[in-house]
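Below is the file structure34.tsv, which contains TSV, C-alpha atoms and all ligand atoms.
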chain	number	residue	atom	x	y	z
O	1	MET	CA	0.21	4.12	5.11
O	2	PRO	CA	-0.46	0.73	6.70
O	3	VAL	CA	2.64	-1.33	7.34
O	4	PRO	CA	2.83	-4.15	4.80
O	5	PRO	CA	3.49	-7.66	6.09
O	6	THR	CA	7.23	-8.21	6.65
O	7	SER	CA	7.14	-11.48	4.76
O	8	GLY	CA	4.70	-12.78	2.22
O	9	ARG	CA	1.33	-11.37	1.31
O	10	LEU	CA	-1.83	-10.06	2.87
O	11	GLN	CA	-4.29	-12.91	3.29
O	12	TRP	CA	-8.06	-13.18	2.78
O	13	THR	CA	-8.50	-12.92	6.56
O	14	ASP	CA	-6.68	-9.54	6.49
O	15	VAL	CA	-9.37	-8.10	4.18
O	16	PRO	CA	-11.87	-6.04	6.20
O	17	PRO	CA	-15.14	-7.97	6.73
O	18	PRO	CA	-17.27	-5.35	4.87
O	19	LEU	CA	-15.21	-5.89	1.68
O	20	ARG	CA	-15.31	-9.67	2.09
O	21	ALA	CA	-19.09	-9.43	2.46
O	22	ARG	CA	-19.32	-7.12	-0.59
O	23	LEU	CA	-17.35	-9.60	-2.67
O	24	GLU	CA	-19.42	-12.59	-1.59
O	25	ASP	CA	-22.54	-10.59	-2.35
O	26	ALA	CA	-21.29	-9.68	-5.84
O	27	LEU	CA	-20.16	-13.25	-6.51
O	28	GLY	CA	-23.53	-14.52	-5.30
O	29	THR	CA	-22.06	-17.27	-3.14
O	30	PRO	CA	-19.76	-17.60	-0.10
O	31	VAL	CA	-15.99	-18.04	-0.33
O	32	THR	CA	-15.12	-21.49	1.02
O	33	ASP	CA	-11.37	-21.61	0.52
O	34	THR	CA	-8.47	-19.43	-0.59
O	35	VAL	CA	-5.12	-20.32	-2.13
O	36	THR	CA	-2.24	-17.85	-2.38
O	37	PRO	CA	-0.05	-18.94	-5.30
O	38	ALA	CA	3.72	-18.82	-4.93
O	39	GLY	CA	5.49	-16.20	-6.99
O	40	GLY	CA	5.66	-12.46	-7.34
O	41	PHE	CA	7.02	-9.82	-5.02
O	42	GLY	CA	3.91	-7.79	-4.20
O	43	HIS	CA	2.51	-7.72	-0.67
O	44	GLN	CA	-1.15	-7.23	-1.57
O	45	LEU	CA	-3.73	-9.99	-1.41
O	46	ALA	CA	-3.40	-12.02	-4.63
O	47	ALA	CA	-5.37	-15.20	-4.13
O	48	ALA	CA	-7.57	-17.73	-5.84
O	49	LEU	CA	-10.95	-17.88	-4.09
O	50	ARG	CA	-12.92	-21.10	-4.24
O	51	LEU	CA	-16.67	-20.44	-4.05
O	52	ALA	CA	-19.42	-22.56	-2.52
O	53	ASP	CA	-20.89	-23.18	-5.99
O	54	GLY	CA	-17.59	-24.71	-7.17
O	55	ARG	CA	-16.35	-21.74	-9.23
O	56	ARG	CA	-12.98	-20.11	-8.68
O	57	VAL	CA	-12.04	-16.44	-9.16
O	58	PHE	CA	-8.77	-14.58	-8.66
O	59	VAL	CA	-8.70	-11.49	-6.43
O	60	LYS	CA	-6.11	-8.77	-5.84
O	61	ALA	CA	-6.81	-6.36	-2.97
O	62	ALA	CA	-5.07	-3.79	-0.78
O	63	PRO	CA	-5.92	-0.77	1.39
O	64	ASP	CA	-6.68	2.37	-0.62
O	65	ASP	CA	-3.70	4.24	0.85
O	66	ASP	CA	-1.33	1.48	-0.26
O	67	PRO	CA	0.24	2.34	-3.66
O	68	LEU	CA	-0.55	-1.21	-4.81
O	69	THR	CA	-4.24	-0.29	-4.97
O	70	ALA	CA	-3.48	2.23	-7.73
O	71	SER	CA	-1.52	-0.54	-9.50
O	72	ASN	CA	-4.41	-2.97	-9.13
O	73	VAL	CA	-6.90	-0.41	-10.47
O	74	HIS	CA	-4.55	0.32	-13.41
O	75	GLU	CA	-4.34	-3.42	-14.09
O	76	ALA	CA	-8.15	-3.67	-14.04
O	77	ALA	CA	-8.46	-0.84	-16.60
O	78	VAL	CA	-5.87	-2.58	-18.81
O	79	LEU	CA	-7.59	-5.99	-18.61
O	80	ASP	CA	-10.83	-4.29	-19.60
O	81	ALA	CA	-9.21	-2.58	-22.62
O	82	LEU	CA	-7.00	-5.30	-24.09
O	83	PRO	CA	-8.14	-6.43	-27.56
O	84	PRO	CA	-10.09	-9.68	-27.91
O	85	GLY	CA	-7.73	-12.64	-28.10
O	86	ALA	CA	-5.00	-10.96	-26.05
O	87	PRO	CA	-3.27	-13.50	-23.77
O	88	ALA	CA	-4.83	-12.15	-20.56
O	89	PRO	CA	-7.62	-13.18	-18.17
O	90	ASP	CA	-10.93	-11.28	-18.20
O	91	LEU	CA	-11.72	-8.58	-15.66
O	92	LEU	CA	-14.79	-9.59	-13.63
O	93	GLY	CA	-15.23	-6.51	-11.42
O	94	ILE	CA	-13.87	-3.91	-8.99
O	95	HIS	CA	-15.31	-3.62	-5.48
O	96	ARG	CA	-14.63	-1.07	-2.75
O	97	ALA	CA	-15.51	-1.11	0.96
O	98	ALA	CA	-13.90	-0.09	4.27
O	99	ASP	CA	-11.18	1.91	2.44
O	100	TRP	CA	-9.95	-1.15	0.56
O	101	THR	CA	-10.29	-2.00	-3.14
O	102	ALA	CA	-10.52	-5.49	-4.63
O	103	VAL	CA	-10.14	-6.38	-8.29
O	104	VAL	CA	-11.78	-9.66	-9.35
O	105	ILE	CA	-10.22	-11.46	-12.33
O	106	ALA	CA	-11.13	-14.69	-14.13
O	107	HIS	CA	-9.24	-17.60	-12.59
O	108	LEU	CA	-6.63	-19.39	-14.69
O	109	ASP	CA	-6.00	-23.00	-13.89
O	110	GLY	CA	-2.45	-24.25	-14.12
O	111	PRO	CA	1.17	-23.72	-13.08
O	112	HIS	CA	3.63	-21.04	-14.15
O	113	PRO	CA	5.17	-22.02	-17.48
O	114	ASP	CA	8.51	-23.77	-17.29
O	115	LEU	CA	10.97	-21.60	-19.22
O	116	SER	CA	13.86	-24.06	-18.84
O	117	PRO	CA	15.46	-25.76	-21.87
O	118	ALA	CA	13.81	-29.02	-20.76
O	119	SER	CA	10.35	-27.61	-21.49
O	120	SER	CA	8.71	-26.29	-24.67
O	121	ASP	CA	6.72	-23.62	-22.76
O	122	ALA	CA	9.03	-20.80	-23.85
O	123	TRP	CA	8.10	-21.06	-27.55
O	124	PRO	CA	4.38	-20.25	-27.28
O	125	THR	CA	5.42	-17.30	-25.12
O	126	TRP	CA	7.50	-15.82	-27.97
O	127	ALA	CA	4.65	-16.49	-30.39
O	128	LEU	CA	2.21	-14.65	-28.10
O	129	LEU	CA	4.57	-11.70	-27.90
O	130	ASP	CA	5.02	-11.56	-31.66
O	131	LYS	CA	1.24	-11.56	-32.10
O	132	LEU	CA	0.66	-8.98	-29.36
O	133	THR	CA	3.13	-6.52	-30.88
O	134	SER	CA	2.44	-7.14	-34.57
O	135	SER	CA	0.07	-4.16	-34.83
O	136	PRO	CA	-0.44	-0.89	-32.93
O	137	ALA	CA	-2.37	-0.99	-29.65
O	138	PRO	CA	-6.10	-0.30	-30.06
O	139	ALA	CA	-7.40	3.10	-28.93
O	140	PRO	CA	-9.20	1.88	-25.74
O	141	TYR	CA	-5.95	0.29	-24.52
O	142	THR	CA	-3.91	3.41	-25.29
O	143	THR	CA	-6.46	5.49	-23.36
O	144	ALA	CA	-6.42	3.05	-20.42
O	145	VAL	CA	-2.64	3.23	-19.99
O	146	SER	CA	-2.33	6.96	-20.70
O	147	THR	CA	-2.99	7.95	-17.10
O	148	ALA	CA	0.00	6.06	-15.65
O	149	PRO	CA	3.64	6.93	-16.42
O	150	SER	CA	5.58	4.08	-18.07
O	151	THR	CA	7.75	2.28	-15.52
O	152	ALA	CA	9.71	0.74	-18.42
O	153	ALA	CA	10.64	4.19	-19.72
O	154	ALA	CA	11.90	5.22	-16.27
O	155	LEU	CA	14.35	2.31	-15.83
O	156	HIS	CA	17.96	3.25	-15.08
O	157	GLY	CA	20.78	2.34	-12.71
O	158	TRP	CA	24.21	2.59	-14.33
O	159	ASP	CA	24.14	6.38	-13.95
O	160	GLU	CA	24.10	6.03	-10.15
O	161	LEU	CA	26.50	3.08	-10.07
O	162	ALA	CA	28.97	5.01	-12.24
O	163	THR	CA	28.95	7.90	-9.76
O	164	ALA	CA	29.85	5.67	-6.81
O	165	PRO	CA	30.79	2.15	-8.01
O	166	PRO	CA	30.03	-0.37	-5.24
O	167	PRO	CA	32.99	-2.58	-4.25
O	168	ASP	CA	31.13	-5.79	-5.20
O	169	LEU	CA	30.27	-4.66	-8.73
O	170	ALA	CA	31.23	-7.34	-11.31
O	171	PRO	CA	34.68	-6.42	-12.67
O	172	THR	CA	33.40	-6.54	-16.25
O	173	ALA	CA	30.57	-4.12	-15.41
O	174	ARG	CA	33.07	-1.85	-13.66
O	175	ALA	CA	35.32	-1.90	-16.71
O	176	HIS	CA	32.42	-0.86	-18.98
O	177	LEU	CA	30.54	1.48	-16.64
O	178	SER	CA	30.73	4.57	-18.81
O	179	GLN	CA	29.59	2.64	-21.90
O	180	LEU	CA	26.69	1.08	-19.97
O	181	ALA	CA	25.68	4.50	-18.56
O	182	GLU	CA	25.81	5.98	-22.07
O	183	LEU	CA	23.62	3.22	-23.53
O	184	GLU	CA	21.14	3.61	-20.70
O	185	ALA	CA	21.06	7.40	-21.14
O	186	ALA	CA	19.81	6.88	-24.70
O	187	TRP	CA	16.82	4.81	-23.51
O	188	PRO	CA	14.26	7.49	-22.42
O	189	ALA	CA	14.29	9.10	-25.88
O	190	LEU	CA	13.73	5.68	-27.51
O	191	ALA	CA	11.13	4.40	-25.03
O	192	HIS	CA	8.08	5.63	-26.94
O	193	GLY	CA	6.02	3.49	-29.27
O	194	ASP	CA	2.49	2.41	-30.13
O	195	ARG	CA	2.64	-1.29	-29.20
O	196	ILE	CA	1.07	-3.08	-26.23
O	197	VAL	CA	3.72	-3.60	-23.53
O	198	HIS	CA	3.06	-5.91	-20.57
O	199	GLY	CA	6.06	-4.42	-18.80
O	200	ASP	CA	6.83	-7.15	-16.24
O	201	LEU	CA	7.18	-10.38	-18.15
O	202	ARG	CA	8.52	-13.22	-16.01
O	203	ALA	CA	7.41	-16.83	-15.57
O	204	ASP	CA	5.63	-15.90	-12.33
O	205	ASN	CA	3.55	-13.38	-14.27
O	206	MET	CA	2.29	-16.09	-16.60
O	207	VAL	CA	0.03	-19.08	-16.05
O	208	ARG	CA	-0.13	-22.11	-18.33
O	209	ASP	CA	-3.91	-22.42	-18.24
O	210	ARG	CA	-5.34	-25.87	-18.97
O	211	SER	CA	-7.58	-24.60	-21.75
O	212	GLN	CA	-6.14	-21.23	-22.85
O	213	GLY	CA	-2.45	-22.21	-22.77
O	214	VAL	CA	0.21	-19.71	-21.68
O	215	THR	CA	-1.53	-16.53	-20.51
O	216	PHE	CA	0.05	-13.33	-19.17
O	217	VAL	CA	-1.11	-12.08	-15.76
O	218	ASP	CA	-0.14	-9.11	-13.58
O	219	TRP	CA	-0.69	-6.31	-16.10
O	220	ALA	CA	-0.01	-3.65	-13.43
O	221	HIS	CA	2.94	-2.19	-15.39
O	222	ALA	CA	1.25	-2.30	-18.78
O	223	THR	CA	1.97	0.62	-21.08
O	224	THR	CA	2.63	1.43	-24.71
O	225	GLY	CA	6.11	1.45	-26.19
O	226	PRO	CA	8.40	-0.16	-28.74
O	227	ALA	CA	7.87	-3.87	-29.45
O	228	CYS	CA	11.27	-4.77	-28.00
O	229	ILE	CA	10.41	-4.16	-24.33
O	230	ASP	CA	8.66	-7.44	-23.53
O	231	ALA	CA	10.90	-9.58	-25.73
O	232	ALA	CA	14.05	-8.08	-24.21
O	233	SER	CA	12.56	-8.55	-20.72
O	234	LEU	CA	11.78	-12.19	-21.42
O	235	ALA	CA	15.29	-12.94	-22.71
O	236	PRO	CA	17.15	-12.67	-19.35
O	237	GLN	CA	14.38	-14.77	-17.77
O	238	LEU	CA	15.23	-17.59	-20.16
O	239	ILE	CA	18.89	-17.32	-19.17
O	240	LEU	CA	17.85	-17.50	-15.50
O	241	ALA	CA	15.86	-20.62	-16.39
O	242	GLY	CA	18.99	-22.32	-17.74
O	243	HIS	CA	19.30	-21.35	-21.42
O	244	ALA	CA	22.72	-20.41	-22.80
O	245	PRO	CA	23.10	-16.61	-23.13
O	246	ALA	CA	24.49	-17.00	-26.69
O	247	ASP	CA	21.35	-18.92	-27.79
O	248	ILE	CA	19.04	-16.35	-26.25
O	249	ALA	CA	20.97	-13.44	-27.77
O	250	THR	CA	20.42	-15.02	-31.21
O	251	LEU	CA	16.76	-15.75	-30.51
O	252	LEU	CA	16.14	-12.16	-29.40
O	253	GLN	CA	17.76	-10.82	-32.53
O	254	GLU	CA	15.57	-13.07	-34.71
O	255	HIS	CA	12.36	-12.07	-32.94
O	256	LEU	CA	13.16	-8.38	-33.14
O	257	ALA	CA	14.44	-8.41	-36.72
O	258	ALA	CA	11.98	-5.62	-37.57
O	259	SER	CA	12.95	-3.46	-34.57
O	260	ASN	CA	15.72	-0.92	-34.21
O	261	PRO	CA	18.61	-2.84	-32.57
O	262	ASP	CA	19.83	0.31	-30.78
O	263	THR	CA	16.46	0.62	-29.02
O	264	THR	CA	16.67	-2.97	-27.79
O	265	THR	CA	20.25	-2.51	-26.56
O	266	ALA	CA	19.39	0.75	-24.80
O	267	PHE	CA	16.41	-0.90	-23.09
O	268	LEU	CA	18.48	-3.91	-22.00
O	269	ALA	CA	21.13	-1.58	-20.60
O	270	ALA	CA	18.51	0.38	-18.63
O	271	LEU	CA	16.82	-2.80	-17.34
O	272	THR	CA	20.14	-4.36	-16.33
O	273	GLY	CA	21.27	-1.13	-14.67
O	274	HIS	CA	17.99	-1.04	-12.72
O	275	TRP	CA	18.62	-4.60	-11.49
O	276	HIS	CA	22.25	-3.93	-10.55
O	277	ARG	CA	21.35	-0.74	-8.68
O	278	ASN	CA	18.24	-2.05	-6.90
O	279	ALA	CA	19.84	-5.37	-5.92
O	280	ARG	CA	22.10	-3.34	-3.60
O	281	LYS	CA	19.28	-1.50	-1.82
O	282	PRO	CA	17.88	-2.70	1.53
O	283	ALA	CA	15.15	-5.33	1.11
O	284	PRO	CA	11.66	-3.77	1.11
O	285	PRO	CA	9.13	-5.17	3.58
O	286	GLY	CA	6.83	-7.84	2.22
O	287	ALA	CA	9.10	-8.84	-0.68
O	288	PRO	CA	11.45	-11.58	0.50
O	289	GLY	CA	13.68	-12.82	-2.30
O	290	LEU	CA	13.46	-9.65	-4.40
O	291	ARG	CA	17.08	-8.54	-3.96
O	292	THR	CA	18.45	-12.06	-4.62
O	293	TYR	CA	16.35	-12.20	-7.77
O	294	GLN	CA	17.65	-8.80	-8.91
O	295	HIS	CA	21.28	-9.92	-8.41
O	296	ARG	CA	20.67	-13.00	-10.57
O	297	ALA	CA	18.65	-11.12	-13.20
O	298	GLY	CA	21.33	-8.39	-13.36
O	299	ALA	CA	23.99	-11.00	-14.15
O	300	ALA	CA	21.79	-12.55	-16.86
O	301	GLY	CA	21.09	-9.14	-18.41
O	302	LEU	CA	24.79	-8.31	-18.42
O	303	ALA	CA	25.63	-11.59	-20.16
O	304	LEU	CA	23.05	-10.82	-22.84
O	305	LEU	CA	24.32	-7.27	-23.30
O	306	GLY	CA	27.80	-8.70	-23.82
O	307	TYR	CA	26.60	-10.55	-26.92
O	308	ARG	CA	24.90	-7.43	-28.26
O	309	LEU	CA	28.10	-5.44	-27.78
O	310	ASP	CA	30.32	-8.20	-29.20
O	311	GLU	CA	32.03	-8.61	-25.87
O	312	THR	CA	31.55	-10.95	-22.96
O	313	LEU	CA	30.35	-9.07	-19.91
O	314	VAL	CA	29.51	-12.14	-17.81
O	315	GLN	CA	30.46	-12.02	-14.11
I	1	LIG	N1	-6.03	-14.82	-13.05
I	1	LIG	C1	-5.26	-15.64	-12.35
I	1	LIG	N2	-5.64	-16.92	-12.10
I	1	LIG	C2	-4.87	-17.77	-11.38
I	1	LIG	N3	-3.70	-17.42	-10.83
I	1	LIG	C3	-3.27	-16.16	-11.03
I	1	LIG	C4	-4.01	-15.21	-11.78
I	1	LIG	N4	-3.33	-14.04	-11.80
I	1	LIG	C5	-2.21	-14.25	-11.09
I	1	LIG	N5	-2.16	-15.51	-10.62
I	1	LIG	C6	-1.10	-16.10	-9.76
I	1	LIG	O1	-0.95	-15.28	-8.62
I	1	LIG	C7	0.38	-14.79	-8.52
I	1	LIG	C8	0.34	-13.34	-8.04
I	1	LIG	O2	-0.47	-12.58	-8.90
I	1	LIG	P1	0.10	-11.29	-9.63
I	1	LIG	O3	-1.00	-10.71	-10.44
I	1	LIG	O4	1.35	-11.63	-10.34
I	1	LIG	O5	0.38	-10.33	-8.38
I	1	LIG	P2	1.64	-9.48	-7.94
I	1	LIG	O6	1.44	-8.15	-8.56
I	1	LIG	O7	1.53	-9.39	-6.48
I	1	LIG	O8	2.87	-10.18	-8.43
I	1	LIG	C9	1.00	-14.96	-9.91
I	1	LIG	O9	2.38	-15.18	-9.79
I	1	LIG	C10	0.26	-16.19	-10.41
I	1	LIG	O10	0.86	-17.37	-9.91
I	2	MG	MG	3.27	-10.80	-10.29

Translate the structure of the given file into structure tokens.
Amino acid sequence: MPVPPTSGRLQWTDVPPPLRARLEDALGTPVTDTVTPAGGFGHQLAAALRLADGRRVFVKAAPDDDPLTASNVHEAAVLDALPPGAPAPDLLGIHRAADWTAVVIAHLDGPHPDLSPASSDAWPTWALLDKLTSSPAPAPYTTAVSTAPSTAAALHGWDELATAPPPDLAPTARAHLSQLAELEAAWPALAHGDRIVHGDLRADNMVRDRSQGVTFVDWAHATTGPACIDAASLAPQLILAGHAPADIATLLQEHLAASNPDTTTAFLAALTGHWHRNARKPAPPGAPGLRTYQHRAGAAGLALLGYRLDETLVQ
């Protein structure tokens, strides 16, 4: 496998010239400029291309023997199968040359939404989620995701941490390790469902597009599952953005009133365990900031779990 860049992402100039030529041919005009947006932890090319005719498109690309190519191809199949009106950009094409694959996606114009209490961006995000999960996923979507195992269903961490608790584990987590491991162990059996699941919902996987409003991007982990997955993933992000954990715990409960609360708690335990376990692993190449993020997200998830368990598990 090619060695990914040690910091940051592959750039347009790293793409083999035959694939660049193929893309320009398919787009019908030369690429005049590229912008790599901040955000995300992937090392593949993920860039906005400005074209000579004034248009912009978004491209994700990697070598074919890099696992991110399979993710990008999965994302392309998902974008193609999402129902009309889903908060996602359109797929424009897939191109292959010189043992690389590029996925071309409609460009969204705007910043990441601001999920802090000072902004109102968080509310349309909840509304989008409610709409997305209000009915079962359509058949083409279910078929598109059926070939990839659900990364959400595979989340865990407390099991390993309980076996060998690291010295820097938050005392409250240490005190509740067996309970957290038990909750997490219940998750795989509850992880199945028929709703659309984005599977990686964070502010950096959303764009507040000037005309479409908040739109979800980076559908590489999309799957089907219970409606709680995306809502319970969004909740710790709001805490990281400055909201009070107690407020977010209430909000999550309101939005998932129709869902089984045990499923939500089991998912949150598995997600938080994943963060606590992975935060302690060596940093992977090409993903600076990932471990710091996981430490912070793990603390936010634990605070939220505390409210669901009627205890305060904050660090
Ligand atoms: N269609 C799009 N239009 C404009 N910007 C986008 C688009 N899709 C993603 N982005 C921006 O590019 C960044 C990286 O893309 P993303 O799909 O999240 O890749 P990764 O899997 O590497 O995180 C996102 O954080 C977002 O800022
Ligand atoms: Mg991303």

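Minimum atom-to-atom distance to ligand MG 2 (chain I), evaluated using all atoms listed in the file, belongs to O:Gly39 out of O:Gly39, O:Gly157, O:Pro140, O:Pro84.
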
Write out as a PyMOL selection string each polymer residue (protein, DNA or RNA) that has an atom no more than 8 Å from ligand LIG 1 (chain I), with all atoms listed in the file counted.
chain O and resi 36-48+57-60+72+89-90+105-112+203-207+217-220

Check: Hey, can you check how far atom CA of O:Pro18 sits from atom CA of O:Ala62?
Finding: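 Atom CA of O:Ala62 lies at a distance of 13.5 Å from atom CA of O:Pro18.
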
### Task
Could you check which of O:Pro138, O:Pro30, O:Pro149, O:Gly199 is closest to ligand MG 2 (chain I), using only C-alpha atoms and all ligand atoms?
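That would be O:Gly199, the residue with the smallest distance to ligand MG 2 (chain I).
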
Select, from O:His74, O:Arg96, O:Arg280, O:Arg56, the residue with the minimum atom-to-atom distance to O:Val15, counting all atoms listed in the file.
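Nearest candidate to O:Val15 out of O:His74, O:Arg96, O:Arg280, O:Arg56: O:Arg96.
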
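Restricting the calculation to only C-alpha atoms, the smallest distance between O:Asp194 and any of O:Gly225, O:Pro261, O:Gly306, O:Gly301 is found for O:Gly225.
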
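In this structure, atom CA of O:Gln237 sits 12.7 Å away from atom CA of O:Trp275.
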
Stretch 109-118 of chain O dumped to file, all heavy atoms, as a PDB file, in the first residue's frame:
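decode.pdb, written as the output of this step:
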ATOM      1  N   ASP O 109     -21.480  25.206  -1.505  1.00  0.00           N
ATOM      2  CA  ASP O 109     -20.794  26.480  -1.309  1.00  0.00           C
ATOM      3  C   ASP O 109     -21.128  27.059   0.061  1.00  0.00           C
ATOM      4  O   ASP O 109     -22.233  27.565   0.273  1.00  0.00           O
ATOM      5  CB  ASP O 109     -21.250  27.445  -2.416  1.00  0.00           C
ATOM      6  CG  ASP O 109     -20.397  28.691  -2.431  1.00  0.00           C
ATOM      7  OD1 ASP O 109     -19.338  28.699  -1.777  1.00  0.00           O
ATOM      8  OD2 ASP O 109     -20.816  29.661  -3.094  1.00  0.00           O
ATOM      9  N   GLY O 110     -20.207  26.956   0.978  1.00  0.00           N
ATOM     10  CA  GLY O 110     -20.450  27.540   2.294  1.00  0.00           C
ATOM     11  C   GLY O 110     -19.538  26.917   3.330  1.00  0.00           C
ATOM     12  O   GLY O 110     -18.788  25.995   3.043  1.00  0.00           O
ATOM     13  N   PRO O 111     -19.622  27.412   4.569  1.00  0.00           N
ATOM     14  CA  PRO O 111     -18.771  26.887   5.647  1.00  0.00           C
ATOM     15  C   PRO O 111     -19.408  25.662   6.308  1.00  0.00           C
ATOM     16  O   PRO O 111     -20.553  25.305   6.002  1.00  0.00           O
ATOM     17  CB  PRO O 111     -18.750  28.061   6.640  1.00  0.00           C
ATOM     18  CG  PRO O 111     -20.108  28.689   6.466  1.00  0.00           C
ATOM     19  CD  PRO O 111     -20.480  28.503   5.009  1.00  0.00           C
ATOM     20  N   HIS O 112     -18.682  25.049   7.229  1.00  0.00           N
ATOM     21  CA  HIS O 112     -19.299  24.048   8.097  1.00  0.00           C
ATOM     22  C   HIS O 112     -20.319  24.774   8.966  1.00  0.00           C
ATOM     23  O   HIS O 112     -20.108  25.939   9.325  1.00  0.00           O
ATOM     24  CB  HIS O 112     -18.248  23.399   9.000  1.00  0.00           C
ATOM     25  CG  HIS O 112     -17.203  22.652   8.236  1.00  0.00           C
ATOM     26  ND1 HIS O 112     -15.879  22.630   8.606  1.00  0.00           N
ATOM     27  CD2 HIS O 112     -17.280  21.908   7.124  1.00  0.00           C
ATOM     28  CE1 HIS O 112     -15.196  21.905   7.738  1.00  0.00           C
ATOM     29  NE2 HIS O 112     -16.025  21.459   6.832  1.00  0.00           N
ATOM     30  N   PRO O 113     -21.415  24.108   9.323  1.00  0.00           N
ATOM     31  CA  PRO O 113     -22.337  24.790  10.239  1.00  0.00           C
ATOM     32  C   PRO O 113     -21.669  25.032  11.586  1.00  0.00           C
ATOM     33  O   PRO O 113     -20.753  24.312  11.969  1.00  0.00           O
ATOM     34  CB  PRO O 113     -23.505  23.800  10.367  1.00  0.00           C
ATOM     35  CG  PRO O 113     -23.011  22.507   9.867  1.00  0.00           C
ATOM     36  CD  PRO O 113     -21.865  22.776   8.955  1.00  0.00           C
ATOM     37  N   ASP O 114     -22.135  26.048  12.256  1.00  0.00           N
ATOM     38  CA  ASP O 114     -21.631  26.386  13.591  1.00  0.00           C
ATOM     39  C   ASP O 114     -22.588  25.759  14.599  1.00  0.00           C
ATOM     40  O   ASP O 114     -23.733  26.186  14.720  1.00  0.00           O
ATOM     41  CB  ASP O 114     -21.603  27.921  13.710  1.00  0.00           C
ATOM     42  CG  ASP O 114     -21.251  28.393  15.118  1.00  0.00           C
ATOM     43  OD1 ASP O 114     -20.958  27.526  15.978  1.00  0.00           O
ATOM     44  OD2 ASP O 114     -21.284  29.605  15.348  1.00  0.00           O
ATOM     45  N   LEU O 115     -22.133  24.729  15.294  1.00  0.00           N
ATOM     46  CA  LEU O 115     -23.018  24.008  16.219  1.00  0.00           C
ATOM     47  C   LEU O 115     -23.007  24.598  17.628  1.00  0.00           C
ATOM     48  O   LEU O 115     -23.591  24.041  18.544  1.00  0.00           O
ATOM     49  CB  LEU O 115     -22.636  22.518  16.272  1.00  0.00           C
ATOM     50  CG  LEU O 115     -22.707  21.757  14.942  1.00  0.00           C
ATOM     51  CD1 LEU O 115     -22.387  20.282  15.157  1.00  0.00           C
ATOM     52  CD2 LEU O 115     -24.087  21.895  14.285  1.00  0.00           C
ATOM     53  N   SER O 116     -22.337  25.742  17.803  1.00  0.00           N
ATOM     54  CA  SER O 116     -22.237  26.336  19.141  1.00  0.00           C
ATOM     55  C   SER O 116     -23.569  26.964  19.550  1.00  0.00           C
ATOM     56  O   SER O 116     -24.422  27.253  18.706  1.00  0.00           O
ATOM     57  CB  SER O 116     -21.131  27.399  19.156  1.00  0.00           C
ATOM     58  OG  SER O 116     -21.607  28.577  18.536  1.00  0.00           O
ATOM     59  N   PRO O 117     -23.747  27.208  20.864  1.00  0.00           N
ATOM     60  CA  PRO O 117     -25.004  27.816  21.326  1.00  0.00           C
ATOM     61  C   PRO O 117     -25.241  29.202  20.727  1.00  0.00           C
ATOM     62  O   PRO O 117     -26.378  29.665  20.662  1.00  0.00           O
ATOM     63  CB  PRO O 117     -24.823  27.914  22.848  1.00  0.00           C
ATOM     64  CG  PRO O 117     -23.742  26.937  23.186  1.00  0.00           C
ATOM     65  CD  PRO O 117     -22.851  26.848  21.988  1.00  0.00           C
ATOM     66  N   ALA O 118     -24.161  29.860  20.246  1.00  0.00           N
ATOM     67  CA  ALA O 118     -24.315  31.203  19.695  1.00  0.00           C
ATOM     68  C   ALA O 118     -24.980  31.191  18.318  1.00  0.00           C
ATOM     69  O   ALA O 118     -25.403  32.236  17.820  1.00  0.00           O
ATOM     70  CB  ALA O 118     -22.933  31.858  19.580  1.00  0.00           C
TER      71      ALA O 118
END
